[in-house]
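input_14.csv follows; it contains CSV, C-alpha atoms and all ligand atoms.
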```csv
chain,number,residue,atom,x,y,z
A,711,MET,CA,0.0,0.0,0.0
A,712,ARG,CA,1.1,3.5,-0.7
A,713,ILE,CA,0.1,6.4,1.6
A,714,ASP,CA,0.7,10.1,0.8
A,715,ILE,CA,0.2,12.7,3.5
A,716,VAL,CA,0.0,16.4,2.8
A,717,SER,CA,0.4,18.9,5.7
A,718,ILE,CA,1.8,22.3,6.5
A,719,PHE,CA,3.7,20.6,9.3
A,720,PRO,CA,5.4,17.6,7.7
A,721,GLU,CA,7.6,17.2,10.8
A,722,TYR,CA,4.5,16.3,12.8
A,723,LEU,CA,4.5,13.0,10.9
A,724,ALA,CA,8.0,12.0,12.0
A,725,PRO,CA,6.6,9.2,14.3
A,726,LEU,CA,5.7,7.3,11.2
A,727,GLU,CA,9.4,6.3,11.0
A,728,LEU,CA,9.1,4.4,14.3
A,729,SER,CA,7.9,1.1,15.6
A,730,LEU,CA,5.6,-1.1,13.6
A,731,VAL,CA,4.8,1.4,10.9
A,732,GLY,CA,8.5,2.3,10.5
A,733,LYS,CA,9.3,-1.4,10.2
A,734,ALA,CA,6.6,-1.9,7.7
A,735,ARG,CA,8.1,0.9,5.6
A,736,THR,CA,11.7,-0.5,5.7
A,737,SER,CA,10.5,-4.0,4.8
A,738,GLY,CA,8.6,-2.6,1.8
A,739,LEU,CA,5.1,-3.5,3.0
A,740,LEU,CA,4.1,0.1,3.2
A,741,ASP,CA,5.3,3.1,1.2
A,742,VAL,CA,4.7,6.4,3.0
A,743,HIS,CA,5.4,9.9,1.5
A,744,VAL,CA,4.9,13.1,3.4
A,745,HIS,CA,4.5,16.4,1.5
A,746,ASP,CA,4.6,20.0,2.5
A,747,LEU,CA,1.5,21.8,1.3
A,748,ARG,CA,3.5,25.0,1.1
A,749,ASP,CA,5.4,23.5,-1.9
A,750,SER,CA,2.1,23.9,-3.8
A,751,THR,CA,1.9,27.6,-3.3
A,752,THR,CA,3.0,30.2,-5.9
A,753,ASP,CA,3.2,33.4,-3.9
A,754,ARG,CA,6.2,34.8,-2.0
A,755,HIS,CA,4.6,34.2,1.4
A,756,HIS,CA,3.6,30.6,0.7
A,757,THR,CA,0.0,31.4,1.7
A,758,VAL,CA,-2.3,28.4,2.3
A,759,ASP,CA,-5.3,30.1,4.0
A,760,ASP,CA,-7.6,33.1,3.8
A,761,THR,CA,-10.5,34.6,5.7
A,762,PRO,CA,-13.9,32.7,5.6
A,763,PHE,CA,-16.5,33.9,3.1
A,764,GLY,CA,-19.5,35.0,5.2
A,765,GLY,CA,-17.3,36.1,8.0
A,766,GLY,CA,-16.6,34.4,11.3
A,767,ALA,CA,-13.5,33.4,13.3
A,768,GLY,CA,-10.4,31.8,12.0
A,769,MET,CA,-9.0,31.1,8.6
A,770,VAL,CA,-10.0,28.6,5.9
A,771,MET,CA,-7.5,26.6,3.7
A,772,ARG,CA,-7.6,27.7,0.1
A,773,PRO,CA,-8.9,25.2,-2.5
A,774,ASP,CA,-6.5,26.3,-5.2
A,775,VAL,CA,-3.5,25.4,-3.2
A,776,TRP,CA,-5.0,22.1,-2.2
A,777,GLY,CA,-5.9,21.5,-5.8
A,778,VAL,CA,-2.3,21.8,-6.9
A,779,ALA,CA,-1.1,19.5,-4.2
A,780,LEU,CA,-3.8,16.8,-4.7
A,781,ASP,CA,-3.7,16.9,-8.5
A,782,GLY,CA,-0.1,15.8,-8.3
A,783,LEU,CA,-1.0,12.8,-6.1
A,784,LEU,CA,-4.4,11.5,-6.9
A,785,GLY,CA,-5.0,8.8,-9.5
A,786,GLU,CA,-7.8,6.3,-10.4
A,787,ALA,CA,-6.8,3.9,-7.5
A,788,SER,CA,-6.6,6.6,-4.9
A,789,HIS,CA,-8.8,7.1,-1.9
A,790,LEU,CA,-8.7,10.7,-0.5
A,791,LEU,CA,-9.1,11.0,3.3
A,792,ILE,CA,-9.8,14.3,4.9
A,793,PRO,CA,-9.6,14.2,8.7
A,794,THR,CA,-12.1,16.6,10.2
A,795,PRO,CA,-14.2,16.6,13.4
A,796,SER,CA,-17.3,16.9,11.2
A,797,GLY,CA,-16.6,13.7,9.3
A,798,THR,CA,-18.0,10.2,9.9
A,799,THR,CA,-16.5,8.4,12.9
A,800,PHE,CA,-13.4,6.3,12.1
A,801,THR,CA,-13.8,2.8,13.5
A,802,GLN,CA,-12.1,-0.6,13.3
A,803,ARG,CA,-14.5,-1.4,10.4
A,804,THR,CA,-13.3,1.8,8.6
A,805,ALA,CA,-9.7,0.7,9.1
A,806,GLU,CA,-10.5,-2.8,7.7
A,807,ALA,CA,-12.1,-1.3,4.6
A,808,LEU,CA,-9.2,1.2,4.1
A,809,ALA,CA,-6.6,-1.7,4.5
A,810,THR,CA,-7.9,-3.1,1.2
A,811,GLN,CA,-7.1,0.0,-0.8
A,812,GLU,CA,-4.1,0.4,-3.0
A,813,HIS,CA,-3.4,4.1,-2.4
A,814,LEU,CA,-4.5,6.5,0.4
A,815,VAL,CA,-4.0,10.2,0.3
A,816,ILE,CA,-4.5,12.1,3.5
A,817,ALA,CA,-5.1,15.8,3.4
A,818,CYS,CA,-4.4,17.4,6.8
A,819,GLY,CA,-6.3,20.6,7.3
A,820,ARG,CA,-5.5,23.3,9.9
A,821,TYR,CA,-7.4,26.3,11.1
A,822,GLU,CA,-11.1,26.1,10.5
A,823,GLY,CA,-10.6,23.4,7.8
A,824,ILE,CA,-10.3,23.0,4.1
A,825,ASP,CA,-12.6,24.9,1.6
A,826,ALA,CA,-15.5,22.5,1.1
A,827,ARG,CA,-15.1,22.5,-2.7
A,828,VAL,CA,-12.0,20.4,-2.4
A,829,ALA,CA,-13.9,17.3,-1.3
A,830,GLU,CA,-16.7,18.1,-3.8
A,831,HIS,CA,-14.3,18.6,-6.7
A,832,TYR,CA,-12.6,15.2,-6.3
A,833,ARG,CA,-15.8,13.4,-5.7
A,834,GLU,CA,-17.1,14.9,-9.0
A,835,ARG,CA,-14.0,13.6,-10.7
A,836,GLY,CA,-14.8,10.1,-9.5
A,837,ILE,CA,-12.2,9.9,-6.7
A,838,ARG,CA,-13.3,8.2,-3.5
A,839,VAL,CA,-13.3,10.8,-0.8
A,840,SER,CA,-13.9,10.2,2.9
A,841,GLU,CA,-14.1,12.9,5.5
A,842,VAL,CA,-13.3,11.1,8.8
A,843,SER,CA,-13.3,12.1,12.5
A,844,ILE,CA,-11.3,10.1,15.0
A,845,GLY,CA,-13.7,11.1,17.8
A,846,ASP,CA,-16.0,13.7,19.2
A,847,TYR,CA,-13.4,16.3,20.2
A,848,VAL,CA,-11.5,19.0,18.3
A,849,LEU,CA,-7.8,18.8,17.5
A,850,ASN,CA,-5.8,21.7,16.1
A,851,GLY,CA,-5.3,19.9,12.8
A,852,GLY,CA,-5.5,16.7,10.9
A,853,GLU,CA,-1.9,15.5,11.6
A,854,VAL,CA,-2.6,13.6,14.8
A,855,ALA,CA,-5.7,12.1,13.2
A,856,ALA,CA,-3.5,11.1,10.2
A,857,LEU,CA,-1.1,9.3,12.5
A,858,VAL,CA,-4.1,7.4,14.0
A,859,LEU,CA,-5.4,6.4,10.6
A,860,VAL,CA,-2.1,5.2,9.3
A,861,GLU,CA,-1.3,3.2,12.4
A,862,ALA,CA,-4.8,1.6,12.6
A,863,VAL,CA,-4.7,0.7,8.8
A,864,ALA,CA,-1.0,-0.4,8.6
A,865,ARG,CA,-1.3,-3.0,11.3
A,866,LEU,CA,-4.0,-4.7,9.3
A,867,LEU,CA,-1.8,-5.1,6.2
A,868,PRO,CA,-0.7,-8.7,5.7
A,869,GLY,CA,2.7,-9.3,7.3
A,870,VAL,CA,2.9,-6.1,9.3
A,871,VAL,CA,1.8,-7.7,12.7
A,872,GLY,CA,3.9,-10.8,13.4
A,873,ASN,CA,1.1,-13.0,14.8
A,874,PRO,CA,-2.2,-12.4,12.9
A,875,GLN,CA,-4.1,-14.2,15.7
A,876,SER,CA,-3.5,-11.1,17.9
A,877,LEU,CA,-5.6,-9.1,15.4
A,878,VAL,CA,-8.5,-11.6,15.9
A,879,GLU,CA,-8.6,-11.5,19.7
A,880,GLU,CA,-8.1,-7.8,20.3
A,881,SER,CA,-10.7,-5.2,21.4
A,882,HIS,CA,-13.0,-4.1,18.5
A,883,GLY,CA,-12.1,-7.3,16.7
A,884,LEU,CA,-14.8,-9.5,15.0
A,885,ALA,CA,-16.4,-10.5,18.3
A,886,GLY,CA,-17.5,-6.9,18.9
A,887,LEU,CA,-16.3,-7.1,22.5
A,888,LEU,CA,-13.6,-5.3,24.5
A,889,GLU,CA,-10.6,-7.5,25.2
A,890,TYR,CA,-10.3,-9.5,28.4
A,891,PRO,CA,-7.6,-8.4,31.0
A,892,VAL,CA,-4.2,-9.9,30.5
A,893,TYR,CA,-1.5,-11.0,33.0
A,894,THR,CA,2.1,-12.2,33.0
A,895,LYS,CA,4.9,-13.1,35.4
A,896,PRO,CA,5.3,-12.8,38.3
A,897,PRO,CA,2.1,-14.7,39.4
A,898,SER,CA,2.0,-12.6,42.6
A,899,TRP,CA,2.8,-8.8,42.6
A,900,ALA,CA,2.1,-6.0,45.1
A,901,GLY,CA,-0.2,-8.4,47.0
A,902,LEU,CA,-2.3,-9.1,43.9
A,903,GLU,CA,-2.5,-12.6,42.4
A,904,ALA,CA,-2.9,-13.4,38.7
A,905,PRO,CA,-6.2,-15.3,38.3
A,906,ASP,CA,-5.6,-19.1,39.2
A,907,VAL,CA,-7.5,-20.2,36.1
A,908,LEU,CA,-4.8,-18.7,33.8
A,909,LEU,CA,-2.2,-20.8,35.5
A,910,SER,CA,-4.3,-24.0,35.4
A,911,GLY,CA,-3.2,-25.1,32.0
A,912,HIS,CA,-6.8,-25.9,31.3
A,913,HIS,CA,-7.4,-24.4,27.8
A,914,GLY,CA,-11.2,-24.8,27.8
A,915,ARG,CA,-11.5,-23.0,31.2
A,916,VAL,CA,-9.1,-20.3,30.2
A,917,GLU,CA,-11.2,-19.6,27.1
A,918,ARG,CA,-14.4,-19.5,29.0
A,919,TRP,CA,-13.0,-17.2,31.7
A,920,ARG,CA,-11.6,-14.8,29.0
A,921,ARG,CA,-14.9,-14.7,27.2
A,922,ASP,CA,-16.8,-14.0,30.5
A,923,GLN,CA,-14.3,-11.2,31.4
A,924,ALA,CA,-14.7,-9.7,27.9
A,925,LEU,CA,-18.5,-9.8,28.2
A,926,THR,CA,-18.6,-8.3,31.8
A,927,ARG,CA,-16.1,-5.6,30.9
A,928,THR,CA,-17.9,-4.6,27.7
A,929,ALA,CA,-21.3,-4.6,29.6
A,930,GLU,CA,-19.8,-2.3,32.2
A,931,LEU,CA,-17.7,0.1,30.1
A,932,ARG,CA,-19.4,0.0,26.7
A,933,PRO,CA,-23.1,-1.0,27.0
A,934,ASP,CA,-23.5,0.4,23.4
A,935,LEU,CA,-21.3,-2.5,22.1
A,936,ILE,CA,-23.4,-5.1,23.9
A,937,ALA,CA,-26.6,-3.6,22.4
A,938,ALA,CA,-25.0,-3.9,18.9
A,939,LEU,CA,-23.9,-7.5,19.4
A,940,ASP,CA,-25.0,-10.0,16.8
A,941,VAL,CA,-26.9,-12.6,18.8
A,942,ALA,CA,-25.8,-15.3,16.4
A,943,MET,CA,-22.2,-14.7,17.5
A,944,LEU,CA,-23.1,-15.6,21.2
A,945,ASP,CA,-22.8,-19.1,22.5
A,946,ARG,CA,-25.2,-20.8,25.1
A,947,ALA,CA,-22.9,-20.0,28.0
A,948,ASP,CA,-22.8,-16.3,27.0
A,949,LEU,CA,-26.6,-16.1,27.0
A,950,ALA,CA,-26.7,-17.7,30.5
A,951,ARG,CA,-24.6,-14.8,31.9
A,1001,LIG,N1,-9.2,17.6,13.0
A,1001,LIG,C1,-9.5,18.3,14.1
A,1001,LIG,N2,-10.2,17.5,15.0
A,1001,LIG,C2,-10.3,16.2,14.4
A,1001,LIG,C3,-10.9,15.0,14.8
A,1001,LIG,N3,-11.6,14.9,15.9
A,1001,LIG,N4,-10.8,14.0,13.9
A,1001,LIG,C4,-10.2,14.1,12.7
A,1001,LIG,N5,-9.6,15.3,12.3
A,1001,LIG,C5,-9.7,16.3,13.1
```
Represent the structure contained in this file as structure tokens.
Ligand code: ADE
Amino acid sequence: MRIDIVSIFPEYLAPLELSLVGKARTSGLLDVHVHDLRDSTTDRHHTVDDTPFGGGAGMVMRPDVWGVALDGLLGEASHLLIPTPSGTTFTQRTAEALATQEHLVIACGRYEGIDARVAEHYRERGIRVSEVSIGDYVLNGGEVAALVLVEAVARLLPGVVGNPQSLVEESHGLAGLLEYPVYTKPPSWAGLEAPDVLLSGHHGRVERWRRDQALTRTAELRPDLIAALDVAMLDRADLAR
């Protein structure tokens, strides 16, 4: 997969050189390019924004500057992502869908956002465009959201995560539940014991305990996820809880 990210703060995306995403890049599973939006300006001051039509606070990013930047990057196989708090909520399902794409282009806005004609223009030209929010809060720009999108998508690419089973069992995986609590050595720490069942070596009981923990935790912390569960995915013991 190739990912292009456009921002007025390319340095903000330096963490993409680290950890799992960094490794995926060096091993050739992921090709990431970061571009400075100001390279697409033509004036002496490298202006990227202007005052909003209709008045109001803040500045809006100019569509002509974004047009130059994006025309140079978008092709038939591209999916344009515009992080914005007024987009649809980015979820694990969104990450899964994006992980199947060949080319993502992420346009990081700042200030009050990017002139709305940019999304409209590329949609009209037949490019897939998604305006996505990473949650109901407001950041100063799209860069942190872009880091979130890239990490969530990159770890789903085949070969990026060492053991694919860890993708199946984790929170927001297919089961629709939060993950069960995890423990490691030492068995006793700070007066707290790791649950006996996990040391029992009894695979069936461990599985049942983990599933119960996942159900209880989800019911307590995220009742919305329990309400959304597909009943067909529940076993008889689940229904007895
Ligand atoms: N830009 C500013 N806030 C954002 C959010 N919550 N999600 C995505 N992009 C943003």
Discussion item. Using all atoms listed in the file for the distances, tell me which of A:Thr928, A:Asn873, A:Thr801, A:Thr810 is nearest to ligand LIG 1001 (chain A).
Written reply: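 Smallest distance to ligand LIG 1001 (chain A) is found for A:Thr801.
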Discussion item. Using only C-alpha atoms - which residues lie no farther than 12 Å from the point (-14.8, 14.3, 20.4) in the file's frame? Write them as a ChimeraX atom specification.
Written reply: /A:794-800,843-849,855
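With distances restricted to all atoms listed in the file, A:Asn850 is the closest residue to ligand LIG 1001 (chain A) from A:Asn850, A:Ser898, A:Thr736, A:Gln875.
Every protein, DNA or RNA residue with an atom at most 12 Å from A:Lys895, where all atoms listed in the file count and chain neighbours fewer than 2 positions away do not, is listed here: A:Val892, A:Tyr893, A:Pro897, A:Ser898, A:Trp899, A:Leu902, A:Glu903, A:Ala904, A:Pro905, A:Leu908, A:Leu909.
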Worksheet item: So what do you get for atom CA of A:Phe719 versus atom CA of A:Thr752, distance-wise?
Response: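 Going from atom CA of A:Phe719 over to atom CA of A:Thr752, I get 18.0 Å.
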Worksheet item: For the atom pair atom CA of A:Ala947 and atom CA of A:Leu888, what is the interatomic distance in Å to one decimal place?
Response: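 Atom-to-atom, atom CA of A:Ala947 and atom CA of A:Leu888 are spaced 17.7 Å apart.
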Worksheet item: Of the candidates A:Asp945, A:Glu853, A:Glu834, A:Glu727, which one gets nearest to ligand LIG 1001 (chain A) if we count only C-alpha atoms and all ligand atoms?
Response: A:Glu853
Since the input is missing atoms for stretch 739-773 of chain A, could you rebuild it with N, CA and C atoms and give the result as a PDB file, in the frame of the given file?
```pdb
ATOM      1  N   LEU A 739       6.490  -3.220   2.958  1.00  0.00           N
ATOM      2  CA  LEU A 739       5.100  -3.500   3.000  1.00  0.00           C
ATOM      3  C   LEU A 739       4.210  -2.280   2.861  1.00  0.00           C
ATOM      4  N   LEU A 740       4.819  -1.165   3.229  1.00  0.00           N
ATOM      5  CA  LEU A 740       4.100   0.100   3.200  1.00  0.00           C
ATOM      6  C   LEU A 740       5.039   1.196   2.709  1.00  0.00           C
ATOM      7  N   ASP A 741       4.487   2.023   1.809  1.00  0.00           N
ATOM      8  CA  ASP A 741       5.300   3.100   1.200  1.00  0.00           C
ATOM      9  C   ASP A 741       4.620   4.412   1.601  1.00  0.00           C
ATOM     10  N   VAL A 742       5.276   5.166   2.493  1.00  0.00           N
ATOM     11  CA  VAL A 742       4.700   6.400   3.000  1.00  0.00           C
ATOM     12  C   VAL A 742       5.454   7.617   2.517  1.00  0.00           C
ATOM     13  N   HIS A 743       4.764   8.623   1.990  1.00  0.00           N
ATOM     14  CA  HIS A 743       5.400   9.900   1.500  1.00  0.00           C
ATOM     15  C   HIS A 743       4.699  11.038   2.194  1.00  0.00           C
ATOM     16  N   VAL A 744       5.492  11.919   2.798  1.00  0.00           N
ATOM     17  CA  VAL A 744       4.900  13.100   3.400  1.00  0.00           C
ATOM     18  C   VAL A 744       5.281  14.326   2.611  1.00  0.00           C
ATOM     19  N   HIS A 745       4.307  15.192   2.339  1.00  0.00           N
ATOM     20  CA  HIS A 745       4.500  16.400   1.500  1.00  0.00           C
ATOM     21  C   HIS A 745       4.167  17.643   2.222  1.00  0.00           C
ATOM     22  N   ASP A 746       4.919  18.693   1.939  1.00  0.00           N
ATOM     23  CA  ASP A 746       4.600  20.000   2.500  1.00  0.00           C
ATOM     24  C   ASP A 746       3.674  20.759   1.616  1.00  0.00           C
ATOM     25  N   LEU A 747       2.495  21.094   2.153  1.00  0.00           N
ATOM     26  CA  LEU A 747       1.500  21.800   1.300  1.00  0.00           C
ATOM     27  C   LEU A 747       2.039  23.112   0.782  1.00  0.00           C
ATOM     28  N   ARG A 748       2.952  23.731   1.520  1.00  0.00           N
ATOM     29  CA  ARG A 748       3.500  25.000   1.100  1.00  0.00           C
ATOM     30  C   ARG A 748       4.270  24.919  -0.229  1.00  0.00           C
ATOM     31  N   ASP A 749       4.713  23.706  -0.574  1.00  0.00           N
ATOM     32  CA  ASP A 749       5.400  23.500  -1.900  1.00  0.00           C
ATOM     33  C   ASP A 749       4.428  23.706  -3.031  1.00  0.00           C
ATOM     34  N   SER A 750       3.128  23.705  -2.752  1.00  0.00           N
ATOM     35  CA  SER A 750       2.100  23.900  -3.800  1.00  0.00           C
ATOM     36  C   SER A 750       1.639  25.320  -3.918  1.00  0.00           C
ATOM     37  N   THR A 751       2.263  26.241  -3.170  1.00  0.00           N
ATOM     38  CA  THR A 751       1.900  27.600  -3.300  1.00  0.00           C
ATOM     39  C   THR A 751       2.751  28.332  -4.327  1.00  0.00           C
ATOM     40  N   THR A 752       2.253  29.488  -4.810  1.00  0.00           N
ATOM     41  CA  THR A 752       3.000  30.200  -5.900  1.00  0.00           C
ATOM     42  C   THR A 752       3.421  31.579  -5.430  1.00  0.00           C
ATOM     43  N   ASP A 753       2.878  32.058  -4.290  1.00  0.00           N
ATOM     44  CA  ASP A 753       3.200  33.400  -3.900  1.00  0.00           C
ATOM     45  C   ASP A 753       4.429  33.426  -2.948  1.00  0.00           C
ATOM     46  N   ARG A 754       4.973  34.606  -2.775  1.00  0.00           N
ATOM     47  CA  ARG A 754       6.200  34.800  -2.000  1.00  0.00           C
ATOM     48  C   ARG A 754       6.054  34.337  -0.544  1.00  0.00           C
ATOM     49  N   HIS A 755       4.846  34.514  -0.010  1.00  0.00           N
ATOM     50  CA  HIS A 755       4.600  34.200   1.400  1.00  0.00           C
ATOM     51  C   HIS A 755       4.171  32.762   1.649  1.00  0.00           C
ATOM     52  N   HIS A 756       4.041  32.009   0.579  1.00  0.00           N
ATOM     53  CA  HIS A 756       3.600  30.600   0.700  1.00  0.00           C
ATOM     54  C   HIS A 756       2.240  30.519   1.422  1.00  0.00           C
ATOM     55  N   THR A 757       1.303  31.363   0.996  1.00  0.00           N
ATOM     56  CA  THR A 757       0.000  31.400   1.700  1.00  0.00           C
ATOM     57  C   THR A 757      -0.850  30.208   1.394  1.00  0.00           C
ATOM     58  N   VAL A 758      -1.403  29.626   2.466  1.00  0.00           N
ATOM     59  CA  VAL A 758      -2.300  28.400   2.300  1.00  0.00           C
ATOM     60  C   VAL A 758      -3.705  28.714   2.750  1.00  0.00           C
ATOM     61  N   ASP A 759      -3.949  29.880   3.376  1.00  0.00           N
ATOM     62  CA  ASP A 759      -5.300  30.100   4.000  1.00  0.00           C
ATOM     63  C   ASP A 759      -5.759  31.524   3.681  1.00  0.00           C
ATOM     64  N   ASP A 760      -7.040  31.748   3.970  1.00  0.00           N
ATOM     65  CA  ASP A 760      -7.600  33.100   3.800  1.00  0.00           C
ATOM     66  C   ASP A 760      -8.840  33.179   4.736  1.00  0.00           C
ATOM     67  N   THR A 761      -9.402  34.391   4.828  1.00  0.00           N
ATOM     68  CA  THR A 761     -10.500  34.600   5.700  1.00  0.00           C
ATOM     69  C   THR A 761     -11.793  33.892   5.156  1.00  0.00           C
ATOM     70  N   PRO A 762     -12.689  33.420   6.039  1.00  0.00           N
ATOM     71  CA  PRO A 762     -13.900  32.700   5.600  1.00  0.00           C
ATOM     72  C   PRO A 762     -14.892  33.603   4.879  1.00  0.00           C
ATOM     73  N   PHE A 763     -15.377  33.189   3.716  1.00  0.00           N
ATOM     74  CA  PHE A 763     -16.500  33.900   3.100  1.00  0.00           C
ATOM     75  C   PHE A 763     -17.666  33.823   4.092  1.00  0.00           C
ATOM     76  N   GLY A 764     -18.407  34.922   4.225  1.00  0.00           N
ATOM     77  CA  GLY A 764     -19.500  35.000   5.200  1.00  0.00           C
ATOM     78  C   GLY A 764     -19.128  35.384   6.551  1.00  0.00           C
ATOM     79  N   GLY A 765     -17.837  35.568   6.754  1.00  0.00           N
ATOM     80  CA  GLY A 765     -17.300  36.100   8.000  1.00  0.00           C
ATOM     81  C   GLY A 765     -17.175  34.963   9.073  1.00  0.00           C
ATOM     82  N   GLY A 766     -16.793  35.362  10.266  1.00  0.00           N
ATOM     83  CA  GLY A 766     -16.600  34.400  11.300  1.00  0.00           C
ATOM     84  C   GLY A 766     -15.114  34.289  11.705  1.00  0.00           C
ATOM     85  N   ALA A 767     -14.871  33.522  12.771  1.00  0.00           N
ATOM     86  CA  ALA A 767     -13.500  33.400  13.300  1.00  0.00           C
ATOM     87  C   ALA A 767     -12.639  32.513  12.490  1.00  0.00           C
ATOM     88  N   GLY A 768     -11.349  32.750  12.592  1.00  0.00           N
ATOM     89  CA  GLY A 768     -10.400  31.800  12.000  1.00  0.00           C
ATOM     90  C   GLY A 768     -10.166  31.965  10.532  1.00  0.00           C
ATOM     91  N   MET A 769      -9.394  31.047   9.991  1.00  0.00           N
ATOM     92  CA  MET A 769      -9.000  31.100   8.600  1.00  0.00           C
ATOM     93  C   MET A 769      -9.402  29.728   7.952  1.00  0.00           C
ATOM     94  N   VAL A 770      -9.571  29.768   6.628  1.00  0.00           N
ATOM     95  CA  VAL A 770     -10.000  28.600   5.900  1.00  0.00           C
ATOM     96  C   VAL A 770      -8.842  28.264   4.880  1.00  0.00           C
ATOM     97  N   MET A 771      -8.554  26.989   4.657  1.00  0.00           N
ATOM     98  CA  MET A 771      -7.500  26.600   3.700  1.00  0.00           C
ATOM     99  C   MET A 771      -7.986  26.769   2.273  1.00  0.00           C
ATOM    100  N   ARG A 772      -7.161  27.391   1.437  1.00  0.00           N
ATOM    101  CA  ARG A 772      -7.600  27.700   0.100  1.00  0.00           C
ATOM    102  C   ARG A 772      -7.644  26.480  -0.832  1.00  0.00           C
ATOM    103  N   PRO A 773      -8.749  26.385  -1.622  1.00  0.00           N
ATOM    104  CA  PRO A 773      -8.900  25.200  -2.500  1.00  0.00           C
ATOM    105  C   PRO A 773      -7.899  25.157  -3.614  1.00  0.00           C
TER     106      PRO A 773
END
```
